[in-house]
>>> print(open('input.cif').read())   # mmCIF, C-alpha atoms
data_entry
#
loop_
_atom_site.label_atom_id
_atom_site.label_comp_id
_atom_site.auth_asym_id
_atom_site.auth_seq_id
_atom_site.Cartn_x
_atom_site.Cartn_y
_atom_site.Cartn_z
CA TYR Q 14 -20.32 -27.26 -17.57
CA GLN Q 15 -22.33 -25.80 -14.70
CA ARG Q 16 -23.19 -22.28 -13.66
CA ARG Q 17 -24.58 -21.30 -10.28
CA VAL Q 18 -27.43 -18.81 -9.97
CA HIS Q 19 -28.78 -17.93 -6.51
CA GLY Q 20 -27.75 -21.35 -5.23
CA ASP Q 21 -29.17 -23.42 -8.13
CA SER Q 22 -27.13 -25.24 -10.77
CA ILE Q 23 -27.88 -25.06 -14.47
CA ASN Q 24 -26.37 -27.92 -16.44
CA MET Q 25 -25.91 -26.58 -19.97
CA ASP Q 26 -25.59 -30.08 -21.43
CA LYS Q 27 -29.19 -30.86 -20.44
CA VAL Q 28 -30.76 -27.64 -21.68
CA PRO Q 29 -32.85 -28.18 -24.84
CA THR Q 30 -31.58 -26.13 -27.74
CA THR Q 31 -33.53 -24.21 -30.35
CA ASP Q 32 -32.83 -22.24 -33.47
CA LYS Q 33 -34.95 -19.39 -32.13
CA HIS Q 34 -32.74 -17.07 -30.10
CA GLU Q 35 -35.15 -14.15 -29.92
CA LEU Q 36 -36.13 -12.96 -26.45
CA PRO Q 37 -39.42 -14.33 -25.07
CA GLN Q 38 -42.25 -11.82 -25.27
CA THR Q 39 -44.93 -10.68 -22.87
CA THR Q 40 -48.60 -11.14 -23.69
CA ASP Q 41 -48.73 -7.72 -25.38
CA GLY Q 42 -45.90 -8.64 -27.73
CA VAL Q 43 -43.22 -6.52 -26.06
CA PRO Q 44 -39.79 -8.23 -25.86
CA LEU Q 45 -38.92 -9.12 -22.30
CA LYS Q 46 -36.00 -7.23 -20.79
CA VAL Q 47 -33.45 -9.64 -19.37
CA ALA Q 48 -31.80 -8.30 -16.24
CA ASP Q 49 -28.14 -8.63 -15.52
CA SER Q 50 -27.29 -11.02 -12.72
CA THR Q 51 -24.14 -10.79 -10.66
CA PRO Q 52 -22.94 -14.24 -9.62
CA ALA Q 53 -19.45 -14.19 -8.19
CA ALA Q 54 -16.57 -15.06 -10.48
CA PRO Q 55 -13.67 -17.22 -9.29
CA ALA Q 56 -11.72 -15.29 -6.70
CA THR Q 57 -8.34 -15.94 -8.27
CA VAL Q 58 -9.13 -14.59 -11.76
CA PRO Q 59 -7.51 -11.20 -12.51
CA GLN Q 60 -9.76 -8.14 -12.54
CA VAL Q 61 -10.37 -7.84 -16.31
CA GLU Q 62 -10.80 -11.57 -16.81
CA LYS Q 63 -13.13 -11.71 -13.83
CA LYS Q 64 -15.45 -9.12 -15.36
CA GLU Q 65 -15.46 -11.00 -18.65
CA ALA Q 66 -16.18 -14.25 -16.80
CA LYS Q 67 -19.23 -12.66 -15.17
CA GLU Q 68 -20.50 -11.37 -18.48
CA ASP Q 69 -20.06 -14.81 -20.01
CA GLU Q 70 -21.88 -16.38 -17.09
CA ASP Q 71 -24.79 -13.93 -17.41
CA GLU Q 72 -25.05 -14.68 -21.12
CA ASP Q 73 -25.00 -18.43 -20.46
CA ILE Q 74 -27.86 -18.03 -18.00
CA ASN Q 75 -29.88 -15.94 -20.41
CA ILE Q 76 -29.32 -18.40 -23.25
CA ALA Q 77 -30.33 -21.25 -20.96
CA TYR Q 78 -33.49 -19.38 -19.99
CA ARG Q 79 -34.40 -18.60 -23.61
CA ASN Q 80 -33.73 -22.16 -24.74
CA VAL Q 81 -35.86 -23.62 -21.97
CA VAL Q 82 -38.82 -21.25 -22.09
CA SER Q 83 -39.00 -20.89 -25.88
CA ASN Q 84 -39.76 -24.62 -26.13
CA PHE Q 85 -42.66 -24.50 -23.68
CA PRO Q 86 -46.21 -24.83 -25.04
CA GLN Q 87 -47.81 -21.51 -25.91
CA GLU Q 88 -50.55 -21.96 -23.31
CA VAL Q 89 -48.02 -22.06 -20.41
CA LYS Q 90 -45.21 -19.86 -21.76
CA PRO Q 91 -46.81 -16.53 -20.66
CA ARG Q 92 -46.68 -17.65 -17.02
CA PHE Q 93 -42.91 -18.02 -17.17
CA VAL Q 94 -42.51 -14.78 -19.12
CA ALA Q 95 -44.44 -12.99 -16.38
CA LEU Q 96 -42.34 -14.62 -13.67
CA LYS Q 97 -39.14 -13.60 -15.47
CA HIS Q 98 -40.48 -10.05 -15.62
CA ILE Q 99 -40.99 -10.17 -11.82
CA ALA Q 100 -37.46 -11.52 -11.35
CA ASP Q 101 -36.08 -8.66 -13.46
CA GLU Q 102 -37.98 -6.09 -11.44
CA ARG Q 103 -36.71 -7.61 -8.18
CA GLU Q 104 -33.12 -7.39 -9.38
CA LEU Q 105 -33.61 -3.72 -10.26
CA LEU Q 106 -34.95 -3.11 -6.76
CA GLU Q 107 -32.03 -5.04 -5.24
CA ASP Q 108 -29.60 -2.82 -7.13
CA LYS Q 109 -31.44 0.26 -5.85
CA LEU Q 110 -31.43 -1.15 -2.30
CA GLU Q 111 -27.67 -1.68 -2.36
CA LYS Q 112 -27.12 1.91 -3.46
CA GLU Q 113 -29.43 3.30 -0.78
CA ILE Q 114 -27.79 1.14 1.91
CA ASP Q 115 -24.41 2.49 0.87
CA ILE Q 116 -25.72 6.06 1.18
CA LEU Q 117 -27.17 5.31 4.62
CA GLU Q 118 -23.96 3.66 5.84
CA ARG Q 119 -21.96 6.73 4.84
CA LYS Q 120 -24.49 9.06 6.43
CA TYR Q 121 -24.36 7.24 9.76
CA ALA Q 122 -20.59 6.87 9.59
CA GLU Q 123 -20.48 10.66 9.84
CA LEU Q 124 -22.95 10.62 12.74
CA TYR Q 125 -20.75 8.12 14.60
CA LYS Q 126 -17.71 10.40 14.46
CA PRO Q 127 -18.63 12.82 17.28
CA LEU Q 128 -19.59 9.87 19.50
CA ASP Q 129 -16.29 8.12 18.77
CA LYS Q 130 -14.47 11.36 19.60
CA ILE Q 131 -16.18 11.53 23.00
CA ARG Q 132 -15.35 7.86 23.62
CA PHE Q 133 -11.71 8.58 22.80
CA GLU Q 134 -11.66 11.50 25.26
CA LEU Q 135 -13.23 9.40 28.03
CA VAL Q 136 -10.98 6.40 27.48
CA THR Q 137 -7.78 8.47 27.43
CA GLY Q 138 -8.89 10.64 30.37
CA GLU Q 139 -8.75 13.86 28.36
CA LYS Q 140 -12.24 14.69 29.60
CA ASP Q 141 -14.46 13.58 32.47
CA PRO Q 142 -18.00 12.29 32.01
CA LEU Q 143 -20.57 15.05 31.62
CA ALA Q 144 -23.72 15.40 33.67
CA ASP Q 145 -26.00 14.75 30.71
CA GLN Q 146 -24.12 11.53 30.00
CA LEU Q 147 -24.79 10.35 33.56
CA ALA Q 148 -28.37 11.59 33.84
CA LYS Q 149 -29.91 8.37 32.62
CA ALA Q 150 -27.97 6.44 35.25
CA GLU Q 151 -29.99 7.84 38.14
CA GLU Q 152 -32.27 4.78 38.22
CA TYR Q 153 -29.22 2.57 38.75
CA LYS Q 154 -27.83 4.33 41.83
CA THR Q 155 -28.72 1.32 43.96
CA PRO Q 156 -26.16 -1.47 43.39
CA ILE Q 157 -27.57 -4.41 41.46
CA VAL Q 158 -27.28 -7.88 42.93
CA THR Q 159 -25.36 -9.95 40.40
CA LYS Q 160 -23.11 -13.00 40.34
CA GLU Q 161 -21.06 -11.55 37.50
CA LYS Q 162 -17.61 -10.41 38.53
CA PRO Q 163 -15.79 -7.66 36.66
CA GLN Q 164 -12.80 -8.74 34.61
CA ILE Q 165 -11.12 -5.37 35.04
CA ASP Q 166 -8.94 -3.95 37.79
CA ILE Q 167 -11.17 -1.42 39.54
CA GLU Q 168 -8.39 -0.30 41.88
CA GLU Q 169 -6.07 0.41 38.96
CA ILE Q 170 -8.76 2.50 37.29
CA LYS Q 171 -9.19 4.56 40.46
CA LYS Q 172 -5.51 5.51 40.31
CA SER Q 173 -5.55 6.43 36.63
CA LYS Q 174 -7.18 8.78 34.19
CA GLY Q 175 -9.62 7.32 31.74
CA LEU Q 176 -9.48 3.56 31.21
CA PRO Q 177 -5.89 2.31 30.78
CA GLY Q 178 -5.50 -0.54 28.29
CA PHE Q 179 -9.11 -0.15 27.11
CA TRP Q 180 -8.54 -1.27 23.53
CA LEU Q 181 -6.01 -3.95 24.44
CA LYS Q 182 -8.47 -5.49 26.88
CA ALA Q 183 -11.27 -5.36 24.29
CA MET Q 184 -9.03 -7.15 21.78
CA GLN Q 185 -7.99 -9.79 24.32
CA ASN Q 186 -11.64 -10.54 25.07
CA ASN Q 187 -12.53 -11.02 21.41
CA PRO Q 188 -12.22 -14.67 20.28
CA GLU Q 189 -11.10 -13.78 16.75
CA ILE Q 190 -8.42 -11.25 17.70
CA ALA Q 191 -7.16 -12.61 21.04
CA PRO Q 192 -5.10 -15.51 19.54
CA LYS Q 193 -3.24 -13.00 17.36
CA VAL Q 194 -2.00 -10.97 20.33
CA MET Q 195 1.37 -12.32 21.47
CA PRO Q 196 3.03 -11.52 24.83
CA ALA Q 197 5.56 -9.26 23.10
CA ASP Q 198 2.67 -7.25 21.58
CA ILE Q 199 1.07 -6.35 24.91
CA PRO Q 200 3.45 -3.54 25.99
CA ILE Q 201 2.97 -1.91 22.58
CA LEU Q 202 -0.81 -2.30 22.54
CA ASN Q 203 -0.96 -0.61 25.94
CA HIS Q 204 -0.16 2.55 23.95
CA LEU Q 205 -3.21 2.02 21.70
CA THR Q 206 -5.56 4.96 22.35
CA ASN Q 207 -8.19 4.58 19.63
CA ILE Q 208 -9.47 2.40 16.79
CA HIS Q 209 -11.86 3.73 14.15
CA GLU Q 210 -13.17 2.81 10.72
CA GLU Q 211 -13.19 4.94 7.58
CA LEU Q 212 -15.44 4.12 4.61
CA LEU Q 213 -13.75 4.50 1.24
CA GLU Q 214 -14.85 4.36 -2.39
CA GLY Q 215 -17.10 1.46 -3.25
CA ASN Q 216 -17.17 -1.14 -0.51
CA SER Q 217 -13.54 -0.58 0.55
CA TYR Q 218 -12.76 0.52 4.08
CA LYS Q 219 -9.88 1.34 6.40
CA ILE Q 220 -9.27 0.39 10.04
CA VAL Q 221 -7.12 3.03 11.77
CA PHE Q 222 -5.18 2.43 15.02
CA THR Q 223 -3.91 5.45 16.97
CA PHE Q 224 -1.00 5.14 19.41
CA SER Q 225 0.49 7.40 22.05
CA PRO Q 226 4.24 8.13 21.71
CA ASN Q 227 6.19 4.99 22.52
CA GLU Q 228 9.65 3.44 22.36
CA TYR Q 229 8.70 0.82 19.76
CA PHE Q 230 7.95 2.71 16.54
CA LYS Q 231 7.73 6.23 15.18
CA ASN Q 232 4.24 5.98 13.65
CA GLN Q 233 1.38 7.71 15.44
CA GLU Q 234 -1.15 5.82 13.34
CA LEU Q 235 -1.16 2.36 11.77
CA SER Q 236 -3.88 1.36 9.35
CA LYS Q 237 -5.15 -1.52 7.25
CA THR Q 238 -7.05 -0.67 4.08
CA MET Q 239 -9.24 -3.44 2.68
CA ILE Q 240 -9.61 -2.84 -1.05
CA MET Q 241 -12.72 -4.51 -2.45
CA ASP Q 242 -13.47 -5.54 -6.02
CA LYS Q 243 -15.54 -2.83 -7.75
CA ASP Q 244 -17.51 -5.45 -9.69
CA ASP Q 245 -17.92 -7.82 -6.75
CA PRO Q 246 -18.07 -5.72 -3.54
CA GLU Q 247 -17.92 -8.85 -1.36
CA ASP Q 248 -14.55 -9.88 -2.78
CA CYS Q 249 -11.45 -8.38 -1.16
CA GLN Q 250 -8.57 -7.87 -3.59
CA GLU Q 251 -5.89 -6.47 -1.29
CA GLY Q 252 -5.20 -5.58 2.32
CA LYS Q 253 -2.86 -2.59 2.26
CA GLY Q 254 -1.09 -1.95 5.54
CA THR Q 255 1.06 0.81 6.97
CA VAL Q 256 4.81 0.32 6.84
CA ILE Q 257 5.83 0.30 10.51
CA GLU Q 258 8.88 2.44 11.28
CA TRP Q 259 10.34 0.27 14.00
CA ASN Q 260 12.95 1.67 16.33
CA GLU Q 261 16.21 -0.23 16.56
CA ASN Q 262 15.85 -3.69 18.12
CA LYS Q 263 12.13 -3.12 18.79
CA ASN Q 264 10.60 -5.02 15.86
CA VAL Q 265 8.41 -7.71 17.46
CA THR Q 266 7.55 -9.30 14.09
CA GLN Q 267 11.10 -10.50 13.51
CA GLU Q 268 13.97 -12.07 15.37
CA THR Q 269 17.57 -12.64 14.35
CA LYS Q 270 19.48 -15.85 14.94
CA LYS Q 271 23.14 -16.56 14.50
CA LYS Q 272 23.95 -19.69 12.57
CA LYS Q 273 27.29 -21.28 11.71
CA GLN Q 274 27.66 -22.08 8.03
CA LYS Q 275 30.51 -23.99 6.43
CA SER Q 276 31.66 -23.01 2.95
CA LYS Q 277 31.69 -25.92 0.50
CA LYS Q 278 34.69 -24.53 -1.34
CA THR Q 279 36.95 -23.11 1.36
CA LYS Q 280 35.63 -25.29 4.22
CA VAL Q 281 35.76 -22.14 6.34
CA VAL Q 282 33.05 -21.87 8.98
CA LYS Q 283 31.34 -18.47 9.10
CA GLU Q 284 28.72 -17.07 11.39
CA VAL Q 285 25.59 -16.00 9.47
CA ILE Q 286 22.77 -13.90 10.88
CA GLN Q 287 19.30 -15.04 9.80
CA THR Q 288 16.11 -12.99 10.11
CA ILE Q 289 13.09 -15.09 11.06
CA GLU Q 290 9.48 -13.94 11.06
CA LYS Q 291 7.71 -14.17 14.41
CA GLU Q 292 4.03 -14.45 15.22
CA SER Q 293 2.69 -11.04 16.17
CA PHE Q 294 -0.49 -9.01 15.95
CA PHE Q 295 1.52 -6.41 14.05
CA ASN Q 296 1.87 -8.78 11.09
CA PHE Q 297 -1.70 -7.63 10.40
CA PHE Q 298 -0.24 -4.40 8.99
CA LYS Q 299 1.65 -6.16 6.22
CA THR Q 300 0.30 -5.56 2.73
CA ARG Q 301 -1.13 -8.74 1.24
CA LYS Q 302 -2.83 -9.36 -2.07
CA GLU Q 303 -5.05 -12.13 -3.29
CA PRO Q 304 -2.65 -14.97 -4.27
CA GLU Q 305 -2.54 -15.99 -7.92
CA GLU Q 306 -3.18 -19.50 -9.16
CA SER Q 307 -0.46 -22.04 -8.46
CA LYS Q 308 1.75 -22.86 -11.45
CA SER Q 309 3.23 -26.03 -9.99
CA GLU Q 310 2.40 -29.21 -11.90
CA ASP Q 311 1.38 -31.27 -8.88
CA GLY Q 312 -0.88 -28.47 -7.63
CA SER Q 313 0.89 -28.36 -4.27
CA ASP Q 314 2.26 -24.96 -3.42
CA GLU Q 315 2.93 -24.57 0.29
CA GLU Q 316 4.00 -20.95 -0.06
CA ARG Q 317 0.79 -20.03 -1.87
CA GLU Q 318 -1.34 -21.91 0.66
CA ASN Q 319 0.32 -20.02 3.51
CA ALA Q 320 -0.28 -16.76 1.64
CA ILE Q 321 -3.96 -17.62 1.25
CA ILE Q 322 -4.28 -18.39 4.97
CA ALA Q 323 -2.58 -15.12 5.92
CA PHE Q 324 -4.73 -13.12 3.51
CA GLU Q 325 -7.95 -14.71 4.76
CA ASP Q 326 -6.87 -14.08 8.36
CA ASP Q 327 -6.41 -10.40 7.54
CA ILE Q 328 -9.90 -10.23 6.03
CA ARG Q 329 -11.48 -11.85 9.08
CA MET Q 330 -9.57 -9.60 11.46
CA ALA Q 331 -10.49 -6.43 9.58
CA GLU Q 332 -14.15 -7.44 9.53
CA GLU Q 333 -14.01 -8.25 13.24
CA PHE Q 334 -12.69 -4.80 14.07
CA ALA Q 335 -15.28 -3.11 11.85
CA ARG Q 336 -18.32 -5.16 12.87
CA GLU Q 337 -17.56 -6.11 16.45
CA ILE Q 338 -14.73 -4.42 18.31
CA ILE Q 339 -15.19 -0.80 17.19
CA PRO Q 340 -18.97 -0.57 17.77
CA ARG Q 341 -19.01 -2.88 20.83
CA ALA Q 342 -15.69 -2.05 22.44
CA LEU Q 343 -17.22 -1.34 25.85
CA TYR Q 344 -18.80 -4.78 26.13
CA TYR Q 345 -15.61 -6.54 25.04
CA TYR Q 346 -13.56 -4.48 27.48
CA LEU Q 347 -15.83 -5.50 30.35
CA GLY Q 348 -15.75 -9.14 29.25
CA LEU Q 349 -19.54 -9.27 28.89
CA ILE Q 350 -19.44 -11.05 25.52
CA GLN Q 351 -18.74 -14.76 25.71
CA ASP Q 352 -16.28 -16.58 23.45
CA ASP Q 353 -19.00 -18.43 21.54
CA VAL Q 354 -21.00 -15.32 20.64
CA HIS Q 355 -20.38 -15.46 16.91
CA SER Q 356 -18.64 -18.80 16.50
CA GLY Q 357 -21.32 -20.18 14.18
CA CYS Q 358 -23.25 -22.25 16.71
CA ASP Q 359 -26.69 -22.57 15.13
CA SER Q 360 -28.27 -24.19 18.18
CA CYS Q 361 -27.40 -21.26 20.44
CA GLU Q 362 -28.25 -18.47 18.01
CA GLU Q 363 -31.57 -17.52 19.64
CA GLU Q 364 -30.04 -17.58 23.11
CA GLU Q 365 -27.19 -15.34 21.99
CA GLU Q 366 -29.58 -12.77 20.53
CA GLU Q 367 -31.34 -12.54 23.88
CA GLU Q 368 -28.17 -12.24 25.93
CA LEU Q 369 -25.98 -9.91 23.92
CA PRO Q 370 -26.16 -6.46 22.36
CA LYS Q 371 -25.74 -7.08 18.64
CA GLY Q 372 -24.65 -3.72 17.26
CA LYS Q 373 -24.69 -3.85 13.45
CA LYS Q 374 -25.89 -7.44 13.55
CA GLY Q 375 -29.15 -6.40 15.18
CA GLY Q 376 -30.76 -7.52 18.37
CA LYS Q 377 -32.34 -5.12 20.86
CA GLY Q 378 -33.77 -6.64 23.98
CA LYS Q 379 -33.31 -7.81 27.49
CA GLY Q 380 -29.69 -8.84 26.99
CA LYS Q 381 -28.62 -5.31 26.08
CA GLN Q 382 -30.39 -3.89 29.12
CA ASP Q 383 -28.75 -6.44 31.43
CA HIS Q 384 -25.27 -5.54 30.17
CA GLN Q 385 -26.03 -1.84 30.56
CA LYS Q 386 -27.04 -2.46 34.18
CA MET Q 387 -23.89 -4.50 34.81
CA PHE Q 388 -21.81 -1.73 33.28
CA LEU Q 389 -23.41 0.96 35.44
CA HIS Q 390 -23.02 -1.25 38.50
CA LEU Q 391 -19.28 -1.39 37.81
CA LEU Q 392 -19.21 2.39 37.40
CA LEU Q 393 -20.79 2.85 40.80
CA GLN Q 394 -18.05 0.69 42.33
CA VAL Q 395 -15.43 3.02 40.83
#
>>> encode(input="input.cif", output="structure tokens")
Amino acid sequence: YQRRVHGDSINMDKVPTTDKHELPQTTDGVPLKVADSTPAAPATVPQVEKKEAKEDEDEDINIAYRNVVSNFPQEVKPRFVALKHIADERELLEDKLEKEIDILERKYAELYKPLDKIRFELVTGEKDPLADQLAKAEEYKTPIVTKEKPQIDIEEIKKSKGLPGFWLKAMQNNPEIAPKVMPADIPILNHLTNIHEELLEGNSYKIVFTFSPNEYFKNQELSKTMIMDKDDPEDCQEGKGTVIEWNENKNVTQETKKKKQKSKKTKVVKEVIQTIEKESFFNFFKTRKEPEESKSEDGSDEERENAIIAFEDDIRMAEEFAREIIPRALYYYLGLIQDDVHSGCDSCEEEEEEELPKGKKGGKGKGKQDHQKMFLHLLLQV
């Protein structure tokens, strides 16, 4: 069988075997410490079995390494021993790096909070912009000549406090989220006043949506918690959503249909009410877990395949809110980010970095300045 390590395959059938299973030694006779590697286990294996699978995989790799290197001539073996020592040291540093990155992310998550609070107050109109917030805009008092046209209703903003529909507009201008927003969702999402992220234990996180009082549901907040595997922080195990307390006849995720059904025994025709699931952004708040392996003999399980698609959609949407919409909401609201920004186009990657502010994905440069100027130009029109 094969194991994958950092993108390379090791075919165990072709590895030379030896009766010597002692660890290779350095030139001073000290046994070499073999570092643990962390290749990902199959996503569908349960938690305990997954950990055991990783341990087995690590052991297979170590055995393969020992079997290969122990058969090398003595005059070349020290070179590989030294290289393995370097690889071990790198893995230790990588582990340390991951821990330090986690500490930094949590530190800056706290620093973001007061800024997000001010953004919330400006968007909802609770507070007006302060002088110090506008001070840097003095150099942009002269309107900038541009062919770009705003995708927002300036006249509507003049009549309102804050920026009505700020988060809805940002979502509609995001290529990953926009297709999930159905016409029936729009009146509800107009009540969306804030979106923020909370970092949880390990690599888990929560996306929180705050709503103003509305006629659709009783909840003030809806959230989606993405629970990550403790052993494999890149693997999402569950997306736990808030149970929405819908008001009567306001549930946009379902519809009822009346259907006539004839009894086989009595031949009497009765009217049956069926509940059918509808497409809606609010399906995102359903709790979904990683589907288990199919038990059907032919391997075809339509229900499981649909569950996998829905679960993967939830993961992509949660990541999009965390990495794109929350930190870059202003640019999405103004429609300054094009649909192909992060669609995976390799040929346009360099051009995108120049044109767009990248937030967590990096990229400071002319593009960010241009969008800031466009934004301030729109402000001056208001």
>>> resolve_selection(input="input.cif", expression="the PyMOL selection byres ((chain Q and resi 129) around 12)", output="number ranges by chain")
Q: 122-128, 130-136, 206-210, 339-343
>>> atom_distance(input="input.cif", atom1="atom CA of Leu347 of chain Q", atom2="atom CA of Pro163 of chain Q")
6.7 Å
>>> closest_atom_pairs(input="input.cif", of="segment 315-344 of chain Q", to="segment 247-261 of chain Q", cutoff="8 Å", atoms="only C-alpha atoms", output="CSV")
residue,atom,partner,partner_atom,distance
Q:Phe324,CA,Q:Gly252,CA,7.6
Q:Asp327,CA,Q:Gly252,CA,7.2
Q:Ile328,CA,Q:Gly252,CA,7.6
>>> atom_distance(input="input.cif", atom1="atom CA of Asn227 of chain Q", atom2="atom CA of Ala335 of chain Q")
25.3 Å
>>> residues_around(input="input.cif", residues="Gln287 of chain Q", least_positions_apart="2", cutoff="10 Å", atoms="all atoms listed in the file", output="count of residues only")
9
>>> atom_distance(input="input.cif", atom1="atom CA of Pro196 of chain Q", atom2="atom CA of Tyr346 of chain Q")
18.2 Å
>>> closest_residue(input="input.cif", among="Q:Phe297, Q:Phe179, Q:Phe334, Q:Phe230", to="Lys263 of chain Q", atoms="all atoms listed in the file")
Q:Phe230
>>> residues_near_point(input="input.cif", point="(-4.2, 2.2, 9.1)", cutoff="9 Å", atoms="only C-alpha atoms", output="PyMOL selection string")
chain Q and resi 219-223+234-238+253-255+298
>>> write_last_selection(input="input.cif", atoms="C-alpha atoms", output="PDB file, keeping the file's coordinate frame")
ATOM      1  CA  LYS Q 219      -9.880   1.340   6.400  1.00  0.00           C
ATOM      2  CA  ILE Q 220      -9.270   0.390  10.040  1.00  0.00           C
ATOM      3  CA  VAL Q 221      -7.120   3.030  11.770  1.00  0.00           C
ATOM      4  CA  PHE Q 222      -5.180   2.430  15.020  1.00  0.00           C
ATOM      5  CA  THR Q 223      -3.910   5.450  16.970  1.00  0.00           C
ATOM      6  CA  GLU Q 234      -1.150   5.820  13.340  1.00  0.00           C
ATOM      7  CA  LEU Q 235      -1.160   2.360  11.770  1.00  0.00           C
ATOM      8  CA  SER Q 236      -3.880   1.360   9.350  1.00  0.00           C
ATOM      9  CA  LYS Q 237      -5.150  -1.520   7.250  1.00  0.00           C
ATOM     10  CA  THR Q 238      -7.050  -0.670   4.080  1.00  0.00           C
ATOM     11  CA  LYS Q 253      -2.860  -2.590   2.260  1.00  0.00           C
ATOM     12  CA  GLY Q 254      -1.090  -1.950   5.540  1.00  0.00           C
ATOM     13  CA  THR Q 255       1.060   0.810   6.970  1.00  0.00           C
ATOM     14  CA  PHE Q 298      -0.240  -4.400   8.990  1.00  0.00           C
TER      15      PHE Q 298
END
